Structures are given as structure tokens and as C-alpha cells.
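Colleague: Below is start_22.txt; it holds compact mmCIF, C-alpha atoms.
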```txt
# COMPACT_ATOMS: atom_id res chain seq x y z
CA PRO I 10 102.28 85.25 111.01
CA VAL I 11 104.18 88.41 111.95
CA HIS I 12 103.40 92.06 111.33
CA ALA I 13 104.60 93.42 107.99
CA VAL I 14 106.28 96.39 109.72
CA LEU I 15 109.06 95.56 112.15
CA GLY I 16 112.00 97.07 113.93
CA VAL I 17 115.58 96.13 113.16
CA GLY I 18 118.07 96.44 115.99
CA ARG I 19 121.43 95.49 117.39
CA VAL I 20 121.59 93.33 120.50
CA ALA I 21 122.93 95.54 123.29
CA ASN I 22 122.49 93.08 126.15
CA HIS I 23 121.50 89.44 126.49
CA GLU I 24 120.57 87.64 129.70
CA ALA I 25 119.78 83.91 129.65
CA LEU I 26 117.01 82.98 132.08
CA ALA I 27 116.84 79.73 134.06
CA ASP I 28 113.71 78.57 132.19
CA GLY I 29 115.46 78.71 128.79
CA ARG I 30 114.04 82.08 127.75
CA SER I 31 116.14 85.23 127.41
CA ASN I 32 115.92 88.92 128.19
CA ILE I 33 117.29 90.76 125.18
CA ALA I 34 117.86 94.53 125.01
CA LEU I 35 118.05 95.98 121.51
CA ILE I 36 119.27 99.28 120.14
CA GLY I 37 116.77 100.22 117.44
CA LEU I 38 118.34 100.93 114.08
CA ALA I 39 115.46 101.16 111.60
CA ARG I 40 111.83 100.50 110.83
CA CYS I 41 111.36 98.04 107.98
CA ARG I 42 108.59 96.42 105.96
CA ILE I 43 108.81 92.75 105.01
CA LEU I 44 108.81 92.35 101.24
CA ARG I 45 109.10 88.56 101.30
CA GLU I 46 110.14 85.83 103.65
CA ILE I 47 113.01 83.56 102.60
CA GLU I 48 112.70 79.84 103.23
CA ASN I 49 115.51 78.47 105.39
CA ALA I 50 116.19 75.72 107.89
CA GLU I 51 117.44 78.07 110.62
CA ALA I 52 115.63 78.64 113.91
CA TYR I 53 114.92 82.28 113.00
CA ARG I 54 112.96 83.83 110.20
CA VAL I 55 114.82 85.49 107.33
CA ALA I 56 113.24 88.10 105.07
CA THR I 57 113.95 90.67 102.42
CA VAL I 58 112.91 94.05 103.80
CA GLU I 59 112.73 97.68 102.79
CA VAL I 60 113.81 100.38 105.23
CA LEU I 61 111.01 102.80 106.10
CA ARG I 62 111.93 106.43 106.67
CA ASP I 63 110.07 108.96 108.78
CA GLN I 64 108.07 111.49 106.79
CA PRO I 65 110.07 114.72 106.67
CA HIS I 66 108.57 117.98 107.95
CA LYS I 67 109.86 121.28 106.59
CA GLY I 68 109.07 124.86 107.39
CA ALA I 69 108.71 127.07 110.43
CA GLU I 70 105.43 125.63 111.77
CA PRO I 71 106.62 121.99 111.90
CA GLN I 72 109.86 123.16 113.54
CA ARG I 73 107.86 125.05 116.16
CA LEU I 74 105.67 121.99 116.77
CA ALA I 75 108.73 119.74 116.96
CA LYS I 76 110.30 121.94 119.62
CA GLU I 77 107.02 122.13 121.55
CA VAL I 78 106.39 118.37 121.55
CA ARG I 79 110.03 117.63 122.42
CA LEU I 80 109.79 119.92 125.46
CA ALA I 81 106.53 118.26 126.51
CA LEU I 82 108.09 114.81 126.16
CA GLN I 83 111.03 115.92 128.30
CA ALA I 84 108.77 117.30 131.03
CA THR I 85 106.65 114.15 131.23
CA ALA I 86 109.74 111.94 131.08
CA ASP I 87 111.27 113.94 133.94
CA THR I 88 108.17 113.20 136.03
CA LEU I 89 108.43 109.49 135.25
CA LEU I 90 112.19 109.39 135.79
CA ARG I 91 111.87 110.96 139.24
CA ARG I 92 109.88 107.87 140.20
CA ALA I 93 112.72 105.51 139.26
CA THR I 94 113.92 103.95 142.48
CA ARG I 95 117.57 103.71 141.54
CA ALA I 96 119.63 106.83 140.91
CA GLU I 97 121.69 104.91 138.35
CA ALA I 98 118.55 104.14 136.31
CA ARG I 99 117.46 107.78 136.43
CA GLU I 100 120.90 108.90 135.23
CA VAL I 101 121.16 106.39 132.38
CA LEU I 102 117.61 107.01 131.14
CA GLY I 103 118.00 110.79 131.42
CA ARG I 104 121.28 110.73 129.51
CA SER I 105 119.83 108.44 126.82
CA LEU I 106 116.87 110.77 126.34
CA SER I 107 119.08 113.87 126.12
CA GLU I 108 121.01 112.20 123.26
CA ARG I 109 117.80 112.05 121.21
CA GLU I 110 116.99 115.61 120.21
CA GLU I 111 114.52 114.85 117.41
CA PRO I 112 110.96 114.36 118.73
CA GLY I 113 110.47 111.08 116.85
CA ALA I 114 113.67 109.57 118.24
CA ALA I 115 112.88 110.79 121.76
CA ALA I 116 109.35 109.37 121.48
CA ASP I 117 110.67 106.02 120.25
CA PHE I 118 113.09 105.80 123.15
CA LEU I 119 110.49 106.76 125.76
CA ALA I 120 107.94 104.32 124.33
CA SER I 121 110.52 101.53 124.52
CA VAL I 122 111.07 102.29 128.22
CA PHE I 123 107.58 103.10 129.47
CA ILE I 124 105.02 101.50 127.12
CA ARG I 125 104.58 97.77 127.68
CA ASP I 126 101.48 96.95 125.62
CA ALA I 127 102.58 95.18 122.41
CA ARG I 128 99.58 96.50 120.45
CA ILE I 129 100.44 100.08 121.31
CA ARG I 130 104.12 99.57 120.54
CA GLN I 131 103.27 98.06 117.14
CA ALA I 132 100.96 100.94 116.25
CA LEU I 133 103.70 103.43 117.17
CA LEU I 134 106.24 101.47 115.13
CA GLU I 135 103.99 101.68 112.09
CA ASN I 136 103.52 105.46 112.38
CA LEU I 137 106.04 107.17 110.08
CA ASP I 138 105.05 110.73 111.02
CA PRO I 139 107.53 111.67 113.77
CA LEU I 140 105.54 114.65 115.07
CA GLN I 141 102.31 112.68 115.23
CA ARG I 142 104.11 109.73 116.85
CA ALA I 143 105.74 112.02 119.42
CA ALA I 144 102.37 113.59 120.24
CA GLN I 145 100.86 110.10 120.66
CA VAL I 146 103.68 109.03 122.96
CA GLN I 147 103.31 112.24 124.95
CA LYS I 148 99.62 111.51 125.51
CA LEU I 149 100.39 107.88 126.42
CA LEU I 150 103.08 108.94 128.89
CA GLU I 151 100.71 111.41 130.52
CA HIS I 152 98.36 108.48 131.14
CA VAL I 153 101.21 106.37 132.50
CA ALA I 154 102.34 109.22 134.76
CA ALA I 155 98.77 109.52 136.07
CA GLY I 156 98.67 105.78 136.78
CA LEU I 157 96.13 105.10 134.01
CA ASP I 158 96.24 102.45 131.29
CA PRO I 159 97.11 104.17 128.02
CA GLU I 160 94.64 103.97 125.13
CA PRO I 161 96.24 102.32 122.11
CA PRO I 162 96.55 104.28 118.86
CA PRO I 163 94.59 102.81 115.90
CA LEU I 164 96.06 99.54 114.65
CA THR I 165 96.62 98.39 111.09
CA GLY I 166 95.90 94.70 111.77
CA ARG I 167 94.39 92.38 114.32
CA VAL I 168 96.94 91.81 117.07
CA GLU I 169 95.56 88.38 117.92
CA ASP I 170 96.64 87.18 114.46
CA PHE I 171 100.30 88.06 114.97
CA SER I 172 103.25 87.02 117.05
CA THR I 173 104.49 89.64 119.51
CA ASN I 174 108.07 88.32 119.14
```
What does this structure look like when you write it as C-alpha cells?

Modeller:
Amino acid sequence: PVHAVLGVGRVANHEALADGRSNIALIGLARCRILREIENAEAYRVATVEVLRDQPHKGAEPQRLAKEVRLALQATADTLLRRATRAEAREVLGRSLSEREEPGAAADFLASVFIRDARIRQALLENLDPLQRAAQVQKLLEHVAAGLDPEPPPLTGRVEDFSTN
């Protein structure tokens, strides 16, 4: 089985490994929920999905919070980026982050770079509140920056029952 909520992306880079596996870099395009799987003889699963949209926030207070959490994300990311050993990596990651002004998009990007735990990544993927998700990522990144293992956000299912692919 797979999780009902998944990310849809475009392959940005593909590297075949000697053991037959691959490193694949994706550009995230949308969050989706599987409505039904379609039977087929192909090597990959096919499904009908619905696109999930972030919950909109309107008003002065959410805008203030969005600005605050985006600044906090930037500051923590700057700390982590300074640790990157290659100047080229620092430049590319810094530029990619600056292109994502919305807190939810910035949080998604930073989680994709710095959060490795599949359970945490799945929980973040399932969170459709961009301000809450950004605050969670900020807290996780603070733990990463301090050299601690991040605590996963609450999950919607048992990870052991699902494929992390």
C-alpha cells in the first residue's frame, strides 16, 4: 500500500546507479489525494487523483504571521546553508529559497533539502495549512541546526504499513 496523499512532480535530474537503482530529483508541482488506483500492466502505479490546495489565510494577522515565519525560516536556512561545504551548493540553495516567497513554498523546499525522515516528510506533505506547516518546518530545522534529531509531526497513518517510494 501507499499513502493516500502524495506529491506530484516533474523529474529534474536522473542519475542511474551501478546497482540498478536511481537517484531522482523532482520539482514538486502539487499535493494530491488518490481517489482510485487504475489496474494496468505497467511497472508503475497509475491512479486517478484530486489536487489538494493549501488552506488560504486572509486578513492582517495571518499576513503578519506569514511574514514572521518566512523571516524565521530564512534565518535558520542561512545558518544551515553556511555549513554547506561547497560554495556552489550554498548559492543554488540560497537562490532557490529566495524564489519561494510564500512561507508554505519556502517550508516545502527547505524540508525537501534538510529533512530526511520519510515519516516527517509524509506528515508535512499531508498538512494543508501553509502557516502551520512552515512553523513545523522552522521547528524541525532548528533541531537540525542544533544537531538534534527532529521530532516528527503527528501522522495520519502507520508508516510501517506504507511504501516510502

Colleague: Quick one: residues within 12 Å of Val153 in chain I, all atoms listed in the file, excluding same-chain residues fewer than 5 positions away - as a ChimeraX atom specification?

Modeller: /I:85-86,88-90,92,119-120,122-126,146-148,158-160

Colleague: With distances taken over only C-alpha atoms, which of I:Ala84, I:Ala69, I:Leu149, I:Ala144 is nearest to Ile129 in chain I?

Modeller: I:Leu149

Colleague: Using all atoms listed in the file, collect all residues at a distance of at most 10 Å from (109.4, 110.6, 118.0) as written in the file, then present them as a PyMOL selection string.

Modeller: chain I and resi 63+75+78-79+82+109-120+133+136-147

Colleague: I need the chosen residues saved as a short mmCIF file (atom, residue, chain, number, x, y, z; two decimals), in the frame of the given file, with C-alpha atoms.

Modeller:
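File produced: selection19.cif:
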```
data_model
loop_
_atom_site.label_atom_id
_atom_site.label_comp_id
_atom_site.auth_asym_id
_atom_site.auth_seq_id
_atom_site.Cartn_x
_atom_site.Cartn_y
_atom_site.Cartn_z
CA ASP I 63 110.07 108.96 108.78
CA ALA I 75 108.73 119.74 116.96
CA VAL I 78 106.39 118.37 121.55
CA ARG I 79 110.03 117.63 122.42
CA LEU I 82 108.09 114.81 126.16
CA ARG I 109 117.80 112.05 121.21
CA GLU I 110 116.99 115.61 120.21
CA GLU I 111 114.52 114.85 117.41
CA PRO I 112 110.96 114.36 118.73
CA GLY I 113 110.47 111.08 116.85
CA ALA I 114 113.67 109.57 118.24
CA ALA I 115 112.88 110.79 121.76
CA ALA I 116 109.35 109.37 121.48
CA ASP I 117 110.67 106.02 120.25
CA PHE I 118 113.09 105.80 123.15
CA LEU I 119 110.49 106.76 125.76
CA ALA I 120 107.94 104.32 124.33
CA LEU I 133 103.70 103.43 117.17
CA ASN I 136 103.52 105.46 112.38
CA LEU I 137 106.04 107.17 110.08
CA ASP I 138 105.05 110.73 111.02
CA PRO I 139 107.53 111.67 113.77
CA LEU I 140 105.54 114.65 115.07
CA GLN I 141 102.31 112.68 115.23
CA ARG I 142 104.11 109.73 116.85
CA ALA I 143 105.74 112.02 119.42
CA ALA I 144 102.37 113.59 120.24
CA GLN I 145 100.86 110.10 120.66
CA VAL I 146 103.68 109.03 122.96
CA GLN I 147 103.31 112.24 124.95
#
```

Colleague: Work out how far apart CA of Ala50 in chain I and CA of Pro10 in chain I are and give it in Å to one decimal.

Modeller: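 Interatomic distance here is 17.1 Å.
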
Colleague: Which residue is closest to Leu15 in chain I? Choose from I:Leu150, I:Val55, I:Ile33, I:Cys41 and count all atoms listed in the file.

Modeller: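 Among the listed residues, I:Cys41 lies closest to Leu15 in chain I.
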
Colleague: Could you tell me how far CA of Arg91 in chain I sits from CA of Ala154 in chain I, in Å to one decimal place?

Modeller: 10.7 Å

Colleague: What lies within 8 Å of range 18-25 of chain I using all atoms listed in the file, ignoring chain neighbours under 5 positions off, as number ranges by chain?

Modeller: I: 30-39

Colleague: So how many Å separate CA of Leu80 in chain I and CA of Arg128 in chain I, to one decimal?

Modeller: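 Separation of CA of Leu80 in chain I and CA of Arg128 in chain I: 26.0 Å.
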
Colleague: Given only C-alpha atoms as the basis, pick out the residue of I:Leu61, I:Ile47, I:Leu26, I:Val11 nearest to Leu134 in chain I.

Modeller: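 Residue with the minimum atom-to-atom distance to Leu134 in chain I: I:Leu61.
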
Colleague: Counting only C-alpha atoms, figure out which residue out of I:Arg42, I:His12, I:Arg130, I:Arg73 gets nearest to Val58 in chain I.

Modeller: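 Selected residue with least distance to Val58 in chain I: I:Arg42.
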
Colleague: If I wrap all listed atoms of range 108-126 of chain I in a box with edges along x, y and z and add 4 Å on each side, what are its centre and edge lengths in Å to one decimal, as lines of an AutoDock Vina configuration file?

Modeller:
```
center_x = 111.2
center_y = 106.3
center_z = 123.2
size_x = 27.5
size_y = 26.7
size_z = 20.6
```
